[in-house]
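With compact mmCIF, N, CA and C atoms and all ligand atoms inside, this is my_file18.txt:
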```
# COMPACT_ATOMS: atom_id res chain seq x y z
N MET G 190 -2.22 -3.96 4.28
CA MET G 190 -0.81 -3.61 4.22
C MET G 190 -0.49 -2.93 2.90
N SER G 191 0.36 -1.92 2.99
CA SER G 191 0.90 -1.40 1.74
C SER G 191 2.00 -2.39 1.34
N ASP G 192 2.54 -2.23 0.18
CA ASP G 192 3.53 -3.20 -0.28
C ASP G 192 4.88 -2.52 -0.41
N LEU G 193 5.16 -1.62 0.51
CA LEU G 193 6.38 -0.81 0.41
C LEU G 193 7.64 -1.68 0.32
N LEU G 194 7.74 -2.65 1.26
CA LEU G 194 8.95 -3.49 1.25
C LEU G 194 9.10 -4.24 -0.06
N GLU G 195 7.98 -4.77 -0.52
CA GLU G 195 8.01 -5.51 -1.79
C GLU G 195 8.44 -4.62 -2.94
N ARG G 196 7.90 -3.40 -2.97
CA ARG G 196 8.26 -2.47 -4.03
C ARG G 196 9.76 -2.17 -3.98
N LEU G 197 10.27 -1.99 -2.75
CA LEU G 197 11.69 -1.64 -2.63
C LEU G 197 12.57 -2.80 -3.07
N ARG G 198 12.15 -4.01 -2.69
CA ARG G 198 12.90 -5.19 -3.15
C ARG G 198 12.91 -5.24 -4.66
N GLY G 199 11.74 -4.99 -5.25
CA GLY G 199 11.60 -5.05 -6.70
C GLY G 199 12.50 -4.05 -7.40
N ARG G 200 12.78 -2.94 -6.72
CA ARG G 200 13.65 -1.94 -7.33
C ARG G 200 15.11 -2.21 -7.06
N GLY G 201 15.41 -3.25 -6.30
CA GLY G 201 16.79 -3.55 -6.00
C GLY G 201 17.40 -2.62 -4.97
N TRP G 202 16.56 -2.01 -4.14
CA TRP G 202 17.04 -1.12 -3.09
C TRP G 202 17.79 -1.95 -2.08
N ARG G 203 19.01 -1.53 -1.77
CA ARG G 203 19.83 -2.29 -0.85
C ARG G 203 19.20 -2.25 0.54
N LEU G 204 18.72 -3.42 1.00
CA LEU G 204 18.00 -3.47 2.27
C LEU G 204 18.94 -3.84 3.41
N THR G 205 19.56 -2.83 4.01
CA THR G 205 20.30 -3.09 5.24
C THR G 205 19.28 -3.26 6.35
N SER G 206 19.73 -3.74 7.51
CA SER G 206 18.77 -3.95 8.59
C SER G 206 18.15 -2.62 8.99
N GLN G 207 18.90 -1.54 8.96
CA GLN G 207 18.36 -0.24 9.35
C GLN G 207 17.32 0.25 8.36
N ARG G 208 17.62 0.11 7.07
CA ARG G 208 16.64 0.54 6.06
C ARG G 208 15.40 -0.31 6.13
N ARG G 209 15.60 -1.60 6.38
CA ARG G 209 14.46 -2.49 6.43
C ARG G 209 13.51 -2.08 7.57
N VAL G 210 14.08 -1.74 8.72
CA VAL G 210 13.24 -1.36 9.85
C VAL G 210 12.45 -0.09 9.52
N VAL G 211 13.09 0.87 8.87
CA VAL G 211 12.37 2.09 8.51
C VAL G 211 11.22 1.75 7.56
N ALA G 212 11.49 0.90 6.58
CA ALA G 212 10.44 0.53 5.63
C ALA G 212 9.33 -0.24 6.33
N GLU G 213 9.69 -1.09 7.28
CA GLU G 213 8.67 -1.86 8.00
C GLU G 213 7.79 -0.95 8.84
N VAL G 214 8.39 0.04 9.47
CA VAL G 214 7.61 0.97 10.28
C VAL G 214 6.60 1.72 9.41
N LEU G 215 6.99 1.97 8.15
CA LEU G 215 6.12 2.75 7.27
C LEU G 215 5.10 1.89 6.53
N ASP G 216 5.14 0.59 6.73
CA ASP G 216 4.25 -0.28 5.99
C ASP G 216 2.86 -0.25 6.60
N GLY G 217 1.83 -0.20 5.78
CA GLY G 217 0.48 -0.29 6.32
C GLY G 217 -0.45 0.71 5.68
N GLU G 218 -1.68 0.69 6.14
CA GLU G 218 -2.71 1.59 5.62
C GLU G 218 -2.80 2.82 6.52
N HIS G 219 -3.09 3.96 5.93
CA HIS G 219 -3.30 5.20 6.67
C HIS G 219 -2.10 5.54 7.55
N VAL G 220 -0.92 5.21 7.08
CA VAL G 220 0.29 5.50 7.84
C VAL G 220 0.77 6.90 7.45
N HIS G 221 0.85 7.78 8.41
CA HIS G 221 1.36 9.14 8.17
C HIS G 221 2.14 9.53 9.41
N LEU G 222 3.40 9.14 9.44
CA LEU G 222 4.20 9.35 10.64
C LEU G 222 5.18 10.49 10.44
N THR G 223 5.45 11.22 11.50
CA THR G 223 6.53 12.20 11.43
C THR G 223 7.85 11.45 11.49
N ALA G 224 8.92 12.16 11.11
CA ALA G 224 10.24 11.53 11.15
C ALA G 224 10.57 11.07 12.57
N ASP G 225 10.18 11.87 13.56
CA ASP G 225 10.46 11.49 14.95
C ASP G 225 9.69 10.25 15.35
N GLU G 226 8.46 10.14 14.87
CA GLU G 226 7.67 8.93 15.17
C GLU G 226 8.27 7.70 14.50
N VAL G 227 8.74 7.90 13.25
CA VAL G 227 9.39 6.78 12.56
C VAL G 227 10.63 6.36 13.36
N HIS G 228 11.37 7.34 13.82
CA HIS G 228 12.57 7.01 14.58
C HIS G 228 12.22 6.27 15.87
N ALA G 229 11.21 6.76 16.59
CA ALA G 229 10.84 6.13 17.87
C ALA G 229 10.42 4.67 17.63
N ARG G 230 9.64 4.44 16.59
CA ARG G 230 9.18 3.06 16.33
C ARG G 230 10.31 2.18 15.83
N ALA G 231 11.15 2.76 14.99
CA ALA G 231 12.27 1.98 14.48
C ALA G 231 13.20 1.59 15.62
N ALA G 232 13.37 2.50 16.58
CA ALA G 232 14.29 2.25 17.70
C ALA G 232 13.76 1.16 18.63
N GLN G 233 12.43 0.95 18.62
CA GLN G 233 11.90 -0.16 19.42
C GLN G 233 12.37 -1.50 18.86
N ARG G 234 12.57 -1.54 17.55
CA ARG G 234 12.99 -2.80 16.93
C ARG G 234 14.50 -2.89 16.81
N LEU G 235 15.13 -1.73 16.65
CA LEU G 235 16.57 -1.70 16.40
C LEU G 235 17.13 -0.53 17.21
N PRO G 236 17.40 -0.76 18.50
CA PRO G 236 17.72 0.35 19.42
C PRO G 236 18.88 1.22 18.95
N GLU G 237 19.80 0.66 18.17
CA GLU G 237 20.97 1.46 17.82
C GLU G 237 20.73 2.38 16.62
N ILE G 238 19.56 2.33 16.03
CA ILE G 238 19.34 3.14 14.82
C ILE G 238 19.33 4.62 15.19
N SER G 239 20.07 5.41 14.43
CA SER G 239 20.20 6.83 14.77
C SER G 239 19.13 7.64 14.04
N ARG G 240 18.87 8.79 14.62
CA ARG G 240 17.93 9.71 13.99
C ARG G 240 18.41 10.10 12.60
N ALA G 241 19.73 10.32 12.45
CA ALA G 241 20.26 10.72 11.15
C ALA G 241 20.00 9.65 10.10
N THR G 242 20.17 8.38 10.48
CA THR G 242 19.91 7.30 9.54
C THR G 242 18.45 7.29 9.12
N VAL G 243 17.57 7.49 10.10
CA VAL G 243 16.14 7.50 9.78
C VAL G 243 15.84 8.65 8.82
N TYR G 244 16.37 9.83 9.12
CA TYR G 244 16.10 10.98 8.26
C TYR G 244 16.65 10.75 6.85
N ASN G 245 17.88 10.23 6.78
CA ASN G 245 18.47 9.98 5.46
C ASN G 245 17.65 8.95 4.68
N THR G 246 17.22 7.90 5.38
CA THR G 246 16.46 6.86 4.69
C THR G 246 15.13 7.41 4.21
N LEU G 247 14.49 8.22 5.03
CA LEU G 247 13.22 8.82 4.60
C LEU G 247 13.44 9.69 3.36
N GLY G 248 14.54 10.45 3.37
CA GLY G 248 14.85 11.29 2.22
C GLY G 248 15.03 10.48 0.95
N GLU G 249 15.69 9.34 1.11
CA GLU G 249 15.90 8.46 -0.05
C GLU G 249 14.59 7.90 -0.57
N LEU G 250 13.75 7.47 0.36
CA LEU G 250 12.47 6.88 -0.05
C LEU G 250 11.61 7.91 -0.76
N VAL G 251 11.67 9.15 -0.29
CA VAL G 251 10.91 10.22 -0.96
C VAL G 251 11.50 10.45 -2.35
N GLY G 252 12.83 10.46 -2.42
CA GLY G 252 13.49 10.66 -3.71
C GLY G 252 13.15 9.58 -4.71
N LEU G 253 12.97 8.37 -4.21
CA LEU G 253 12.60 7.25 -5.09
C LEU G 253 11.13 7.32 -5.51
N GLY G 254 10.37 8.18 -4.85
CA GLY G 254 8.95 8.26 -5.14
C GLY G 254 8.15 7.14 -4.49
N GLU G 255 8.75 6.45 -3.51
CA GLU G 255 8.05 5.35 -2.85
C GLU G 255 7.35 5.79 -1.57
N VAL G 256 7.69 6.97 -1.10
CA VAL G 256 7.06 7.52 0.09
C VAL G 256 6.77 8.99 -0.20
N LEU G 257 5.59 9.44 0.21
CA LEU G 257 5.21 10.83 0.00
C LEU G 257 5.45 11.64 1.26
N GLU G 258 5.84 12.89 1.06
CA GLU G 258 5.87 13.83 2.18
C GLU G 258 4.53 14.54 2.22
N VAL G 259 3.93 14.55 3.38
CA VAL G 259 2.64 15.21 3.54
C VAL G 259 2.80 16.32 4.56
N ALA G 260 2.43 17.52 4.16
CA ALA G 260 2.50 18.65 5.09
C ALA G 260 1.08 19.08 5.40
N THR G 261 0.75 19.16 6.66
CA THR G 261 -0.58 19.63 7.02
C THR G 261 -0.47 20.66 8.12
N ASP G 262 -1.05 21.82 7.89
CA ASP G 262 -1.26 22.79 8.97
C ASP G 262 -0.01 23.21 9.69
N GLY G 263 1.13 23.26 9.01
CA GLY G 263 2.33 23.69 9.71
C GLY G 263 2.79 22.71 10.76
N ARG G 264 2.12 21.56 10.87
CA ARG G 264 2.64 20.54 11.77
C ARG G 264 3.85 19.90 11.09
N ALA G 265 4.58 19.07 11.81
CA ALA G 265 5.75 18.42 11.22
C ALA G 265 5.33 17.62 9.99
N LYS G 266 6.23 17.56 9.01
CA LYS G 266 5.98 16.77 7.81
C LYS G 266 5.74 15.31 8.20
N ARG G 267 4.86 14.66 7.45
CA ARG G 267 4.59 13.25 7.71
C ARG G 267 4.97 12.43 6.49
N TYR G 268 5.24 11.17 6.72
CA TYR G 268 5.68 10.29 5.65
C TYR G 268 4.63 9.22 5.39
N ASP G 269 4.27 9.08 4.14
CA ASP G 269 3.09 8.31 3.71
C ASP G 269 3.55 7.29 2.66
N PRO G 270 3.44 5.99 2.98
CA PRO G 270 3.90 4.98 2.02
C PRO G 270 2.91 4.71 0.90
N ASN G 271 1.75 5.33 0.98
CA ASN G 271 0.71 5.09 -0.02
C ASN G 271 0.98 5.98 -1.24
N ALA G 272 2.13 5.73 -1.90
CA ALA G 272 2.61 6.66 -2.91
C ALA G 272 2.09 6.36 -4.31
N HIS G 273 1.49 5.20 -4.49
CA HIS G 273 1.12 4.80 -5.84
C HIS G 273 -0.38 4.76 -6.10
N HIS G 274 -1.15 5.18 -5.10
CA HIS G 274 -2.59 5.23 -5.30
C HIS G 274 -3.02 6.65 -4.99
N ALA G 275 -3.47 7.35 -6.03
CA ALA G 275 -3.85 8.74 -5.83
C ALA G 275 -4.86 8.84 -4.71
N HIS G 276 -4.58 9.68 -3.74
CA HIS G 276 -5.53 9.86 -2.66
C HIS G 276 -5.37 11.26 -2.08
N GLN G 277 -6.36 11.64 -1.30
CA GLN G 277 -6.32 12.93 -0.62
C GLN G 277 -6.35 12.66 0.87
N HIS G 278 -6.29 13.73 1.65
CA HIS G 278 -6.22 13.53 3.10
C HIS G 278 -7.36 14.22 3.83
N LEU G 279 -7.81 13.51 4.85
CA LEU G 279 -8.83 14.01 5.76
C LEU G 279 -8.13 14.20 7.10
N VAL G 280 -8.12 15.44 7.58
CA VAL G 280 -7.29 15.77 8.74
C VAL G 280 -8.17 16.27 9.87
N CYS G 281 -7.94 15.75 11.06
CA CYS G 281 -8.68 16.20 12.24
C CYS G 281 -8.03 17.47 12.78
N SER G 282 -8.83 18.52 12.89
CA SER G 282 -8.31 19.80 13.40
C SER G 282 -8.03 19.71 14.89
N GLY G 283 -8.56 18.68 15.53
CA GLY G 283 -8.34 18.55 16.97
C GLY G 283 -7.04 17.84 17.28
N CYS G 284 -6.91 16.59 16.85
CA CYS G 284 -5.77 15.78 17.27
C CYS G 284 -4.77 15.55 16.14
N GLY G 285 -5.11 15.97 14.92
CA GLY G 285 -4.17 15.81 13.82
C GLY G 285 -4.22 14.45 13.14
N ALA G 286 -5.18 13.59 13.54
CA ALA G 286 -5.31 12.29 12.87
C ALA G 286 -5.52 12.49 11.38
N ILE G 287 -4.91 11.61 10.58
CA ILE G 287 -5.02 11.73 9.12
C ILE G 287 -5.53 10.42 8.55
N ARG G 288 -6.52 10.50 7.67
CA ARG G 288 -6.99 9.33 6.95
C ARG G 288 -6.77 9.55 5.45
N ASP G 289 -6.50 8.46 4.74
CA ASP G 289 -6.45 8.53 3.28
C ASP G 289 -7.88 8.45 2.75
N VAL G 290 -8.24 9.35 1.89
CA VAL G 290 -9.59 9.33 1.32
C VAL G 290 -9.52 9.46 -0.20
N HIS G 291 -10.58 9.03 -0.84
CA HIS G 291 -10.62 8.95 -2.30
C HIS G 291 -11.88 9.63 -2.82
N PRO G 292 -11.83 10.96 -2.96
CA PRO G 292 -13.01 11.66 -3.45
C PRO G 292 -13.37 11.18 -4.85
N GLN G 293 -14.65 11.24 -5.16
CA GLN G 293 -15.07 10.79 -6.48
C GLN G 293 -14.79 11.88 -7.50
N GLY G 294 -14.54 11.43 -8.71
CA GLY G 294 -14.30 12.38 -9.79
C GLY G 294 -12.83 12.80 -9.82
N ASP G 295 -12.45 13.46 -10.85
CA ASP G 295 -11.08 13.86 -11.08
C ASP G 295 -10.88 15.27 -10.52
N PRO G 296 -10.05 15.44 -9.49
CA PRO G 296 -9.87 16.78 -8.93
C PRO G 296 -9.32 17.77 -9.95
N LEU G 297 -8.57 17.28 -10.93
CA LEU G 297 -8.04 18.20 -11.95
C LEU G 297 -9.18 18.78 -12.79
N ALA G 298 -10.18 17.94 -13.03
CA ALA G 298 -11.31 18.39 -13.85
C ALA G 298 -12.11 19.47 -13.14
N ALA G 299 -11.95 19.56 -11.83
CA ALA G 299 -12.73 20.54 -11.07
C ALA G 299 -12.21 21.96 -11.26
N LEU G 300 -11.04 22.09 -11.85
CA LEU G 300 -10.48 23.44 -12.05
C LEU G 300 -10.80 23.91 -13.47
N PRO G 301 -11.63 24.95 -13.60
CA PRO G 301 -12.04 25.40 -14.94
C PRO G 301 -10.84 25.90 -15.75
N ALA G 302 -10.92 25.76 -17.07
CA ALA G 302 -9.83 26.18 -17.95
C ALA G 302 -9.44 27.63 -17.69
N ALA G 303 -10.42 28.49 -17.42
CA ALA G 303 -10.13 29.91 -17.20
C ALA G 303 -9.26 30.14 -15.98
N GLU G 304 -9.19 29.18 -15.08
CA GLU G 304 -8.39 29.34 -13.87
C GLU G 304 -7.09 28.54 -13.92
N ARG G 305 -6.76 28.07 -15.10
CA ARG G 305 -5.52 27.28 -15.19
C ARG G 305 -4.33 28.12 -15.63
N PHE G 306 -4.59 29.33 -16.10
CA PHE G 306 -3.53 30.26 -16.46
C PHE G 306 -2.49 29.64 -17.39
N GLY G 307 -2.96 28.78 -18.28
CA GLY G 307 -2.05 28.18 -19.24
C GLY G 307 -1.21 27.04 -18.69
N PHE G 308 -1.41 26.69 -17.42
CA PHE G 308 -0.63 25.59 -16.83
C PHE G 308 -1.09 24.25 -17.39
N VAL G 309 -0.14 23.32 -17.54
CA VAL G 309 -0.49 21.93 -17.78
C VAL G 309 -0.52 21.27 -16.40
N LEU G 310 -1.69 20.81 -16.00
CA LEU G 310 -1.84 20.29 -14.63
C LEU G 310 -1.25 18.90 -14.51
N SER G 311 -0.62 18.64 -13.37
CA SER G 311 -0.07 17.31 -13.13
C SER G 311 -0.62 16.68 -11.86
N GLY G 312 -1.23 17.45 -11.01
CA GLY G 312 -1.75 16.84 -9.78
C GLY G 312 -2.49 17.85 -8.94
N ALA G 313 -3.14 17.35 -7.92
CA ALA G 313 -3.87 18.22 -6.99
C ALA G 313 -3.78 17.61 -5.61
N GLU G 314 -3.60 18.45 -4.62
CA GLU G 314 -3.60 17.97 -3.25
C GLU G 314 -4.72 18.67 -2.51
N ILE G 315 -5.63 17.88 -2.02
CA ILE G 315 -6.79 18.42 -1.33
C ILE G 315 -6.76 17.95 0.11
N THR G 316 -6.95 18.86 1.02
CA THR G 316 -7.03 18.48 2.43
C THR G 316 -8.43 18.79 2.93
N TYR G 317 -9.13 17.77 3.35
CA TYR G 317 -10.43 17.93 3.97
C TYR G 317 -10.21 18.05 5.47
N ARG G 318 -10.90 18.96 6.10
CA ARG G 318 -10.70 19.15 7.54
C ARG G 318 -11.98 18.93 8.32
N GLY G 319 -11.80 18.58 9.55
CA GLY G 319 -12.96 18.41 10.42
C GLY G 319 -12.50 17.83 11.74
N LEU G 320 -13.46 17.29 12.48
CA LEU G 320 -13.15 16.68 13.76
C LEU G 320 -13.43 15.18 13.66
N CYS G 321 -12.47 14.38 14.12
CA CYS G 321 -12.64 12.94 14.08
C CYS G 321 -13.62 12.52 15.18
N PRO G 322 -14.11 11.29 15.15
CA PRO G 322 -15.10 10.85 16.16
C PRO G 322 -14.58 11.03 17.59
N ASP G 323 -13.31 10.77 17.82
CA ASP G 323 -12.78 10.93 19.18
C ASP G 323 -12.87 12.38 19.64
N CYS G 324 -12.56 13.30 18.73
CA CYS G 324 -12.56 14.71 19.11
C CYS G 324 -13.98 15.26 19.19
N THR G 325 -14.89 14.72 18.36
CA THR G 325 -16.27 15.17 18.42
C THR G 325 -16.89 14.78 19.74
N ALA G 326 -16.41 13.67 20.32
CA ALA G 326 -16.99 13.17 21.57
C ALA G 326 -16.63 14.05 22.75
N GLY G 327 -15.72 15.02 22.53
CA GLY G 327 -15.39 15.94 23.61
C GLY G 327 -14.30 15.39 24.50
N PRO G 328 -13.88 16.19 25.47
CA PRO G 328 -12.76 15.78 26.31
C PRO G 328 -13.10 14.53 27.13
N VAL G 329 -12.08 13.75 27.39
CA VAL G 329 -12.26 12.53 28.20
C VAL G 329 -12.57 12.94 29.64
N ARG G 330 -13.57 12.30 30.19
CA ARG G 330 -13.93 12.62 31.57
C ARG G 330 -13.25 11.70 32.56
ZN ZN G 401 -9.27 14.08 16.39
ZN ZN G 402 -1.97 9.42 2.71
```

What would the structure in this file look like if it were written as structure tokens?
Amino acid sequence: MSDLLERLRGRGWRLTSQRRVVAEVLDGEHVHLTADEVHARAAQRLPEISRATVYNTLGELVGLGEVLEVATDGRAKRYDPNAHHAHQHLVCSGCGAIRDVHPQGDPLAALPAAERFGFVLSGAEITYRGLCPDCTAGPVR
């Protein structure tokens, strides 16, 4: 489990039932849900929750730095609660499955000084692509 709810409590984030459901839906490992998926899951627990509330809550969580926005391949943005442990993403070109991965070494160090153009680096986002085991196995018969 990620500790998203605990982190939010620690920050004194006002936990209404609607916000709590959004945070609960986002809790866990390798969670990368689109806003619509968050809404669908939240609505299973709290049928009256509106899409606007989900979107607003996601925006707030991103603003707080407790949830990351992940964009892959022009697909819909995904929301990732694993905001405090540097990680990269492994994306399936077939079904879009995303895993959190932790390449060895410092990705910033991989960029030579000559290619930094005087920038002070603050981060790197690397997307590894391939086919997941389900997609490698071919179509379901
Ligand atoms: Zn796949
Ligand atoms: Zn992630």

Please indicate the distance in Å from atom CA of G:Leu310 to atom CA of G:Ala298, rounded to one decimal place. 9.7 Å

Shell around stretch 276-286 of chain G at 7 Å using all atoms listed in the file, local window under 4 positions removed, as a PyMOL selection string: chain G and resi 290-292+314-321+324

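From atom CA of G:His228 back to atom CA of G:Leu215, the distance works out to 10.6 Å.
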
From a DSSP pass on the backbone, collect the residues of chain G flagged as strand (DSSP E) and hand them back as a list in words. Leu222, Thr223, Leu257, Glu258, Val259, Arg267, Tyr268, Asp269, Gln277, His278, Leu279, Val280, Cys281, Ile287, Arg288, Asp289, Val290, Thr316, Tyr317, Arg318 and Gly319 of chain G

Point out the residue among G:Gly294, G:Asp225, G:His219, G:Ala241 with the least atom-to-atom distance to ligand ZN 402 (chain G), counting all atoms listed in the file.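 Among the listed residues, G:His219 lies closest to ligand ZN 402 (chain G).
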
Enter the distance from atom CA of G:Pro296 to atom CA of G:Asp269, in Å, rounded to one decimal.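 Taking atom CA of G:Pro296 and atom CA of G:Asp269, their separation equals 20.0 Å.
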
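Of the listed residues G:Ala299, G:Ala232, G:Val220, G:Ala313, the one whose atoms come nearest to ligand ZN 402 (chain G) is G:Val220, with distances taken using all atoms listed in the file.
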
Using all atoms of stretch 280-284 of chain G that appear in the file, construct an axis-aligned enclosing box with 5 Å of padding on every side and provide its centre coordinates and edge lengths in Å, rounded to one decimal, as lines of an AutoDock Vina configuration file.
```
center_x = -6.8
center_y = 17.6
center_z = 12.4
size_x = 14.1
size_y = 14.4
size_z = 19.7
```

Residues within 8 Å of (2.5, 11.4, -5.5), counting only N, CA and C atoms, listed as an MDAnalysis selection string: chainID G and resid 254 256:258 271:276

Hey, can you spit out that residue selection with N, CA and C atoms as an mmCIF file, in the frame of the given file?
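Printed below is out18.cif as written:
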```cif
data_model
loop_
_atom_site.group_PDB
_atom_site.id
_atom_site.type_symbol
_atom_site.label_atom_id
_atom_site.label_comp_id
_atom_site.auth_asym_id
_atom_site.auth_seq_id
_atom_site.Cartn_x
_atom_site.Cartn_y
_atom_site.Cartn_z
ATOM 1 N N GLY G 254 10.370 8.180 -4.850
ATOM 2 C CA GLY G 254 8.950 8.260 -5.140
ATOM 3 C C GLY G 254 8.150 7.140 -4.490
ATOM 4 N N VAL G 256 7.690 6.970 -1.100
ATOM 5 C CA VAL G 256 7.060 7.520 0.090
ATOM 6 C C VAL G 256 6.770 8.990 -0.200
ATOM 7 N N LEU G 257 5.590 9.440 0.210
ATOM 8 C CA LEU G 257 5.210 10.830 0.000
ATOM 9 C C LEU G 257 5.450 11.640 1.260
ATOM 10 N N GLU G 258 5.840 12.890 1.060
ATOM 11 C CA GLU G 258 5.870 13.830 2.180
ATOM 12 C C GLU G 258 4.530 14.540 2.220
ATOM 13 N N ASN G 271 1.750 5.330 0.980
ATOM 14 C CA ASN G 271 0.710 5.090 -0.020
ATOM 15 C C ASN G 271 0.980 5.980 -1.240
ATOM 16 N N ALA G 272 2.130 5.730 -1.900
ATOM 17 C CA ALA G 272 2.610 6.660 -2.910
ATOM 18 C C ALA G 272 2.090 6.360 -4.310
ATOM 19 N N HIS G 273 1.490 5.200 -4.490
ATOM 20 C CA HIS G 273 1.120 4.800 -5.840
ATOM 21 C C HIS G 273 -0.380 4.760 -6.100
ATOM 22 N N HIS G 274 -1.150 5.180 -5.100
ATOM 23 C CA HIS G 274 -2.590 5.230 -5.300
ATOM 24 C C HIS G 274 -3.020 6.650 -4.990
ATOM 25 N N ALA G 275 -3.470 7.350 -6.030
ATOM 26 C CA ALA G 275 -3.850 8.740 -5.830
ATOM 27 C C ALA G 275 -4.860 8.840 -4.710
ATOM 28 N N HIS G 276 -4.580 9.680 -3.740
ATOM 29 C CA HIS G 276 -5.530 9.860 -2.660
ATOM 30 C C HIS G 276 -5.370 11.260 -2.080
#
```

Between G:Pro322, G:Pro301, G:Gly199, G:Gly307, which has the minimum distance to ligand ZN 401 (chain G) (counting all atoms listed in the file)? G:Pro322

Identify which of the residues G:Val251, G:Ile287, G:Val210, G:Ala303 lies closest to ligand ZN 402 (chain G), counting only N, CA and C atoms and all ligand atoms when measuring atom-to-atom distances.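 Among G:Val251, G:Ile287, G:Val210, G:Ala303, it is G:Ile287 that comes nearest to ligand ZN 402 (chain G).
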
Nearest to G:Arg230: which of G:Trp202, G:Gln207, G:Val214, G:Leu193 is it, counting only N, CA and C atoms?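 Of G:Trp202, G:Gln207, G:Val214, G:Leu193, the one nearest G:Arg230, counting only N, CA and C atoms, is G:Val214.
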
Which is closest to G:Leu297 among G:Gly217, G:Ala265, G:Gly312, G:Arg208, if we use all atoms listed in the file? G:Gly312

Identify, with DSSP run on backbone atoms, the residues in chain G assigned to helix (DSSP H, G or I), and express the list as a VMD selection string. chain G and resid 193 to 199 206 to 214 224 to 234 240 to 253 296 to 299 302 to 304 322 to 325

Regenerate stretch 201-213 of chain G at the level of N, CA, C and O atoms and dump it as a JSON list (two decimals), keeping the file's coordinate frame.
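Contents of out-v8.json, as written:
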```json
[["chain", "number", "residue", "atom", "x", "y", "z"],
["G", 201, "GLY", "N", 15.41, -3.25, -6.30],
["G", 201, "GLY", "CA", 16.79, -3.55, -6.00],
["G", 201, "GLY", "C", 17.40, -2.62, -4.97],
["G", 201, "GLY", "O", 18.61, -2.44, -4.91],
["G", 202, "TRP", "N", 16.56, -2.01, -4.14],
["G", 202, "TRP", "CA", 17.04, -1.12, -3.09],
["G", 202, "TRP", "C", 17.79, -1.95, -2.08],
["G", 202, "TRP", "O", 17.29, -2.97, -1.60],
["G", 203, "ARG", "N", 19.01, -1.53, -1.77],
["G", 203, "ARG", "CA", 19.83, -2.29, -0.85],
["G", 203, "ARG", "C", 19.20, -2.25, 0.54],
["G", 203, "ARG", "O", 19.12, -1.21, 1.17],
["G", 204, "LEU", "N", 18.72, -3.42, 1.00],
["G", 204, "LEU", "CA", 18.00, -3.47, 2.27],
["G", 204, "LEU", "C", 18.94, -3.84, 3.41],
["G", 204, "LEU", "O", 19.10, -5.00, 3.74],
["G", 205, "THR", "N", 19.56, -2.83, 4.01],
["G", 205, "THR", "CA", 20.30, -3.09, 5.24],
["G", 205, "THR", "C", 19.28, -3.26, 6.35],
["G", 205, "THR", "O", 18.10, -2.95, 6.17],
["G", 206, "SER", "N", 19.73, -3.74, 7.51],
["G", 206, "SER", "CA", 18.77, -3.95, 8.59],
["G", 206, "SER", "C", 18.15, -2.62, 8.99],
["G", 206, "SER", "O", 16.96, -2.55, 9.32],
["G", 207, "GLN", "N", 18.90, -1.54, 8.96],
["G", 207, "GLN", "CA", 18.36, -0.24, 9.35],
["G", 207, "GLN", "C", 17.32, 0.25, 8.36],
["G", 207, "GLN", "O", 16.25, 0.71, 8.74],
["G", 208, "ARG", "N", 17.62, 0.11, 7.07],
["G", 208, "ARG", "CA", 16.64, 0.54, 6.06],
["G", 208, "ARG", "C", 15.40, -0.31, 6.13],
["G", 208, "ARG", "O", 14.27, 0.17, 5.96],
["G", 209, "ARG", "N", 15.60, -1.60, 6.38],
["G", 209, "ARG", "CA", 14.46, -2.49, 6.43],
["G", 209, "ARG", "C", 13.51, -2.08, 7.57],
["G", 209, "ARG", "O", 12.29, -2.05, 7.38],
["G", 210, "VAL", "N", 14.08, -1.74, 8.72],
["G", 210, "VAL", "CA", 13.24, -1.36, 9.85],
["G", 210, "VAL", "C", 12.45, -0.09, 9.52],
["G", 210, "VAL", "O", 11.26, 0.00, 9.84],
["G", 211, "VAL", "N", 13.09, 0.87, 8.87],
["G", 211, "VAL", "CA", 12.37, 2.09, 8.51],
["G", 211, "VAL", "C", 11.22, 1.75, 7.56],
["G", 211, "VAL", "O", 10.09, 2.23, 7.73],
["G", 212, "ALA", "N", 11.49, 0.90, 6.58],
["G", 212, "ALA", "CA", 10.44, 0.53, 5.63],
["G", 212, "ALA", "C", 9.33, -0.24, 6.33],
["G", 212, "ALA", "O", 8.15, -0.05, 6.02],
["G", 213, "GLU", "N", 9.69, -1.09, 7.28],
["G", 213, "GLU", "CA", 8.67, -1.86, 8.00],
["G", 213, "GLU", "C", 7.79, -0.95, 8.84],
["G", 213, "GLU", "O", 6.57, -1.14, 8.90]]
```
